[in-house]
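See below for start16.txt, which holds compact mmCIF, C-alpha atoms.
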# COMPACT_ATOMS: atom_id res chain seq x y z
CA MET A 57 0.00 0.00 0.00
CA SER A 58 1.25 3.47 -0.91
CA LYS A 59 0.23 6.83 0.47
CA ILE A 60 -0.47 9.19 -2.42
CA GLY A 61 -0.89 12.89 -1.72
CA TYR A 62 -2.63 15.57 -3.74
CA ALA A 63 -1.99 19.27 -3.11
CA ARG A 64 -3.68 22.13 -4.93
CA VAL A 65 -3.75 25.91 -4.85
CA SER A 66 -6.13 27.95 -6.98
CA THR A 67 -3.68 30.64 -8.13
CA ARG A 68 -0.03 30.60 -9.15
CA ASP A 69 0.74 33.19 -6.46
CA GLN A 70 -0.22 30.83 -3.64
CA ASN A 71 2.32 28.50 -2.08
CA LEU A 72 2.02 24.73 -1.90
CA ALA A 73 4.69 24.42 0.80
CA ARG A 74 2.29 24.15 3.77
CA GLN A 75 0.21 21.42 2.16
CA ILE A 76 3.30 19.49 1.05
CA GLU A 77 4.83 19.67 4.54
CA GLN A 78 1.66 18.33 6.16
CA LEU A 79 1.38 15.56 3.58
CA HIS A 80 4.98 14.53 4.28
CA ASP A 81 4.24 14.56 8.03
CA ALA A 82 1.34 12.17 7.30
CA GLY A 83 3.78 9.70 5.72
CA VAL A 84 2.88 10.34 2.09
CA ASN A 85 5.24 8.63 -0.37
CA LYS A 86 4.32 10.50 -3.55
CA ILE A 87 2.69 13.90 -4.01
CA PHE A 88 0.89 15.26 -7.06
CA GLN A 89 1.03 19.07 -7.03
CA GLU A 90 -1.37 21.39 -8.85
CA LYS A 91 -1.03 25.14 -9.34
CA LEU A 92 -3.91 26.62 -11.29
CA SER A 93 -4.67 30.07 -12.58
CA GLY A 94 -8.21 31.39 -12.25
CA LYS A 95 -8.93 30.78 -15.95
CA ASN A 96 -7.60 27.21 -16.02
CA ALA A 97 -10.34 24.65 -15.54
CA ASP A 98 -8.12 21.60 -16.26
CA ARG A 99 -6.39 19.67 -13.51
CA PRO A 100 -3.80 17.44 -15.19
CA GLN A 101 -2.14 16.44 -11.92
CA LEU A 102 -5.46 15.33 -10.43
CA LYS A 103 -6.09 13.17 -13.50
CA ALA A 104 -2.55 11.78 -13.24
CA MET A 105 -3.10 10.95 -9.57
CA LEU A 106 -6.40 9.18 -10.27
CA ASP A 107 -4.72 7.17 -13.05
CA TYR A 108 -1.78 6.32 -10.78
CA ILE A 109 -3.56 4.92 -7.71
CA ARG A 110 -4.11 1.19 -7.30
CA ASP A 111 -5.86 -1.24 -4.94
CA ASP A 112 -5.22 -0.54 -1.24
CA ASP A 113 -3.50 2.79 -1.92
CA GLU A 114 -4.40 5.69 0.34
CA VAL A 115 -5.16 9.09 -1.17
CA VAL A 116 -4.29 11.83 1.31
CA VAL A 117 -5.45 15.44 1.07
CA LEU A 118 -5.30 18.29 3.53
CA SER A 119 -9.00 19.12 3.14
CA LEU A 120 -11.91 18.18 0.90
CA ASP A 121 -11.87 21.55 -0.86
CA ARG A 122 -8.35 20.76 -2.13
CA LEU A 123 -9.75 17.70 -3.89
CA GLY A 124 -12.85 19.17 -5.55
CA ARG A 125 -14.27 22.59 -6.41
CA ASN A 126 -17.89 21.82 -5.61
CA SER A 127 -20.10 19.05 -4.27
CA HIS A 128 -20.80 17.49 -7.68
CA ASP A 129 -17.12 17.56 -8.65
CA LEU A 130 -16.08 16.14 -5.29
CA THR A 131 -18.62 13.32 -5.48
CA ASP A 132 -17.25 12.19 -8.86
CA ILE A 133 -13.65 12.26 -7.62
CA ILE A 134 -14.39 10.31 -4.43
CA GLU A 135 -16.33 7.72 -6.45
CA THR A 136 -13.35 7.35 -8.81
CA ILE A 137 -10.99 6.82 -5.87
CA ARG A 138 -13.27 4.13 -4.47
CA HIS A 139 -13.65 2.39 -7.84
CA ARG A 140 -9.85 2.24 -8.11
CA GLY A 141 -9.82 0.31 -4.84
CA ALA A 142 -8.10 3.09 -2.90
CA GLN A 143 -9.01 4.78 0.38
CA LEU A 144 -9.39 8.47 1.12
CA ASN A 145 -7.78 10.19 4.09
CA VAL A 146 -8.71 13.83 4.75
CA LEU A 147 -6.27 15.24 7.28
CA ASN A 148 -8.45 18.01 8.69
CA LEU A 149 -11.30 15.62 9.52
CA PRO A 150 -10.71 14.09 12.97
CA SER A 151 -12.93 11.14 12.09
CA PHE A 152 -10.41 10.15 9.42
CA ALA A 153 -7.23 10.92 11.32
CA SER A 154 -7.99 8.52 14.16
CA ILE A 155 -9.30 5.56 12.12
CA GLU A 156 -6.88 2.74 11.34
CA ASP A 157 -9.44 0.09 10.36
CA PRO A 158 -9.73 0.31 6.53
CA ASN A 159 -13.24 -1.16 6.54
CA LEU A 160 -14.49 1.49 8.94
CA ARG A 161 -12.74 4.20 6.94
CA ASN A 162 -14.42 2.94 3.77
CA LEU A 163 -17.77 3.07 5.55
CA ILE A 164 -17.21 6.69 6.53
CA THR A 165 -16.09 7.49 2.98
CA THR A 166 -19.33 5.97 1.69
CA ILE A 167 -21.35 8.12 4.08
CA ILE A 168 -19.49 11.24 2.94
CA VAL A 169 -20.05 10.35 -0.72
CA GLU A 170 -23.78 9.93 -0.15
CA LEU A 171 -23.89 13.21 1.78
CA TYR A 172 -22.16 15.08 -1.03
CA LYS A 173 -24.41 13.44 -3.60
CA TYR A 174 -27.38 14.82 -1.69
CA ILE A 175 -25.79 18.27 -1.47
CA ALA A 176 -24.92 18.20 -5.19
CA GLN A 177 -28.50 17.26 -6.07
CA GLU A 178 -29.82 20.06 -3.87
CA GLU A 179 -27.47 22.50 -5.60
CA ARG A 180 -28.68 21.39 -9.03
CA GLU A 181 -32.33 21.70 -7.99
CA THR A 182 -31.68 25.18 -6.58
CA ILE A 183 -30.00 26.24 -9.84
CA LYS A 184 -32.96 24.92 -11.86
CA ILE A 185 -35.43 26.80 -9.67
CA ARG A 186 -33.45 30.04 -9.96
CA GLN A 187 -33.12 29.62 -13.72
CA GLN A 188 -36.86 29.08 -14.06
CA GLN A 189 -37.56 32.09 -11.85
CA GLY A 190 -35.22 34.17 -14.02
CA ILE A 191 -36.95 32.95 -17.19
CA GLU A 192 -40.38 33.83 -15.79
CA ILE A 193 -39.19 37.33 -14.86
CA ALA A 194 -37.61 37.79 -18.31
CA LYS A 195 -40.83 36.62 -19.98
CA ARG A 196 -42.89 39.14 -18.02
CA GLN A 197 -40.46 41.86 -19.05
CA GLY A 198 -40.51 40.71 -22.68
CA LYS A 199 -36.77 39.97 -22.63
CA TYR A 200 -36.79 36.18 -22.84
CA LYS A 201 -36.00 34.80 -26.28
CA GLY A 202 -35.47 31.17 -25.32
CA LYS A 203 -32.91 28.71 -26.62
CA ILE A 204 -32.18 28.91 -30.35
CA ARG A 205 -33.35 25.70 -31.97
CA GLU A 206 -30.99 23.60 -34.04
CA TYR A 207 -33.58 23.50 -36.84
CA GLY A 208 -35.63 26.65 -37.18
CA PRO A 209 -35.95 30.02 -38.91
CA HIS A 210 -33.29 31.50 -36.61
CA SER A 211 -30.83 28.60 -36.59
CA PRO A 212 -27.21 29.83 -36.87
CA ASN A 213 -26.64 27.09 -39.47
CA ARG A 214 -27.79 28.17 -42.95
CA GLN A 215 -28.33 24.59 -44.16
CA LYS A 216 -30.49 23.76 -41.15
CA ARG A 217 -32.55 26.91 -41.68
CA TYR A 218 -33.14 25.72 -45.26
CA ILE A 219 -34.06 22.20 -44.11
CA TYR A 220 -36.55 23.66 -41.62
CA LYS A 221 -38.12 25.83 -44.33
CA GLU A 222 -38.40 22.94 -46.81
CA ALA A 223 -39.71 20.56 -44.15
CA CYS A 224 -42.44 23.04 -43.20
CA ARG A 225 -43.35 23.54 -46.87
CA LEU A 226 -43.67 19.78 -47.51
CA LEU A 227 -45.53 19.19 -44.25
CA ASN A 228 -47.97 21.96 -45.19
CA ARG A 229 -48.59 20.23 -48.52
CA ARG A 230 -49.57 17.09 -46.62
CA LYS A 231 -51.89 19.11 -44.40
CA ASP A 232 -53.52 20.58 -47.51
CA GLY A 233 -54.41 17.08 -48.70
CA ASP A 234 -51.36 16.10 -50.77
CA GLU A 235 -50.45 12.68 -49.38
CA THR A 236 -48.16 11.61 -52.21
CA LEU A 237 -45.23 11.97 -49.80
CA THR A 238 -45.04 10.20 -46.47
CA LYS A 239 -43.22 11.78 -43.55
CA ARG A 240 -40.54 9.11 -43.83
CA GLN A 241 -40.03 10.04 -47.49
CA ILE A 242 -39.81 13.74 -46.61
CA ALA A 243 -37.16 12.98 -44.00
CA ARG A 244 -35.20 10.91 -46.53
CA MET A 245 -35.40 13.68 -49.15
CA LEU A 246 -34.03 16.23 -46.68
CA GLY A 247 -31.35 13.89 -45.33
CA ILE A 248 -32.61 13.97 -41.75
CA ALA A 249 -33.83 11.33 -39.33
CA PRO A 250 -37.61 10.82 -39.01
CA VAL A 251 -37.39 11.89 -35.36
CA THR A 252 -35.87 15.20 -36.49
CA LEU A 253 -38.78 15.76 -38.88
CA TYR A 254 -41.26 15.09 -36.07
CA ARG A 255 -39.39 17.63 -33.95
CA ILE A 256 -39.58 20.21 -36.76
CA GLU A 257 -43.32 19.54 -37.08
CA LYS A 258 -43.69 20.15 -33.35
CA TYR A 259 -41.71 23.41 -33.60
CA GLN A 260 -43.88 24.50 -36.54
CA ALA A 261 -47.04 23.91 -34.51
CA GLU A 262 -45.61 25.84 -31.54
CA ASP A 263 -44.59 28.76 -33.76
CA LEU A 264 -48.03 28.83 -35.39
CA ALA A 265 -49.74 28.83 -31.99
CA ASN A 266 -47.81 31.98 -31.05
CA VAL A 267 -48.97 33.88 -34.15
CA PRO A 268 -52.21 35.89 -33.71
CA ARG A 269 -55.09 34.47 -35.79
CA SER A 270 -55.40 37.75 -37.67
CA GLU A 271 -51.82 37.34 -38.95
CA ARG A 272 -52.01 33.69 -40.04

This structure in structure tokens:
Amino acid sequence: MSKIGYARVSTRDQNLARQIEQLHDAGVNKIFQEKLSGKNADRPQLKAMLDYIRDDDEVVVLSLDRLGRNSHDLTDIIETIRHRGAQLNVLNLPSFASIEDPNLRNLITTIIVELYKYIAQEERETIKIRQQQGIEIAKRQGKYKGKIREYGPHSPNRQKRYIYKEACRLLNRRKDGDETLTKRQIARMLGIAPVTLYRIEKYQAEDLANVPRSER
């Protein structure tokens, strides 16, 4: 079994020395060090550490916030450590520092993972609620334009704008009684999947519903 340390600071101006010293004091054999600028979202040393660890290794960090940026991120990392067969030791948690039994430590790790999963889910739900509240406010103020559809009159892709226009034209022909073309044939002519044509038909109906009857 090896003790593998991971140390991270969030800016290049910060010093890793304190973390490294405490990891050495904890008997760590190998340390992966990460210095990140505020704009850098990648963590190559974390990835290298997760690839390096093996069964019965012990991953040692000074605190949980050194390992992950948020609850969702931390949950994924802890799960990866467990799936690699390694244990996690967080030095600033007394419950970890005093536990020598690996089975008990794994149990506590499991509890922490489940706790952070719950927190991460709560965070996601809160974000969704706030986004929806923001959308409702924007709608009332007439500022909400919604997500630009992949196929539609405002698609950033010229070819997909054309496909949408042609699909609507052919679908309208069917609605007017011309059934010489099936929907599957229309999709084949336009080089799209049938499910995409059904989606375009749905968008067309939604757009039509938003047009005042006097303007149809």

*Tell me, in Å to one decimal, how far atom CA of A:Val116 is from atom CA of A:Asn145.*
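We find that atom CA of A:Val116 and atom CA of A:Asn145 lie 4.8 Å from each other.
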
*Any idea what's packed within 8 Å of A:Phe88, counting all atoms listed in the file, ignoring anything in its chain fewer than 2 positions away? Could you give it as an MDAnalysis selection string?*
chainID A and resid 60:63 86 90 101:102 104:105

*How many Å lie between atom CA of A:Leu237 and atom CA of A:Arg255, rounded to one decimal?*
17.8 Å

*asked:* Could you tell me how far atom CA of A:Gln143 sits from atom CA of A:Val117, in Å to one decimal place?
replied: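 Taking atom CA of A:Val117 and atom CA of A:Gln143, their separation equals 11.3 Å.
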
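Of the residues under consideration (A:Leu160, A:Arg225, A:Ile219, A:Arg180), A:Ile219 shows the shortest atom-to-atom contact distance to A:Arg244 when counting all atoms listed in the file.
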
Using only C-alpha atoms, I'd like a table of the residues in stretch 96-213 of chain A that come within 12 Å of stretch 76-83 of chain A; for each, show the closest atom pair and its distance in Å rounded to one decimal, ordered by chain and ascending number, as JSON lines.
{"residue": "A:Glu114", "atom": "CA", "partner": "A:Gly83", "partner_atom": "CA", "distance": 10.6}
{"residue": "A:Val115", "atom": "CA", "partner": "A:Leu79", "partner_atom": "CA", "distance": 10.4}
{"residue": "A:Val116", "atom": "CA", "partner": "A:Leu79", "partner_atom": "CA", "distance": 7.2}
{"residue": "A:Val117", "atom": "CA", "partner": "A:Leu79", "partner_atom": "CA", "distance": 7.3}
{"residue": "A:Leu118", "atom": "CA", "partner": "A:Leu79", "partner_atom": "CA", "distance": 7.2}
{"residue": "A:Ser119", "atom": "CA", "partner": "A:Leu79", "partner_atom": "CA", "distance": 11.0}
{"residue": "A:Asn145", "atom": "CA", "partner": "A:Ala82", "partner_atom": "CA", "distance": 9.9}
{"residue": "A:Val146", "atom": "CA", "partner": "A:Leu79", "partner_atom": "CA", "distance": 10.3}
{"residue": "A:Leu147", "atom": "CA", "partner": "A:Ala82", "partner_atom": "CA", "distance": 8.2}
{"residue": "A:Asn148", "atom": "CA", "partner": "A:Gln78", "partner_atom": "CA", "distance": 10.4}
{"residue": "A:Ala153", "atom": "CA", "partner": "A:Ala82", "partner_atom": "CA", "distance": 9.5}

_Please determine, counting all atoms listed in the file, which residue among A:Tyr254, A:Leu226, A:Arg140, A:Arg161 has the shortest atom-to-atom distance to A:Ile242._
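For A:Ile242, the nearest of the candidates is A:Leu226.
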
*Given only C-alpha atoms as the counted atoms, nearest of A:Arg186, A:Arg138, A:Arg74, A:Lys258 to A:Tyr207*: A:Lys258

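Closest approach to A:Tyr174 from the set A:Thr236, A:Ser66, A:Gln260, A:Thr131 is made by A:Thr131, with distances taken over all atoms listed in the file.
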
Residue contacts of A:Arg64 (7 Å, all atoms listed in the file) excluding same-chain residues fewer than 4 positions away, as a compact mmCIF listing (two decimals) with C-alpha atoms, keeping the file's coordinate frame:
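Written output follows (out_13.txt):
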# COMPACT_ATOMS: atom_id res chain seq x y z
CA LEU A 72 2.02 24.73 -1.90
CA GLN A 89 1.03 19.07 -7.03
CA GLU A 90 -1.37 21.39 -8.85
CA LYS A 91 -1.03 25.14 -9.34
CA ARG A 122 -8.35 20.76 -2.13
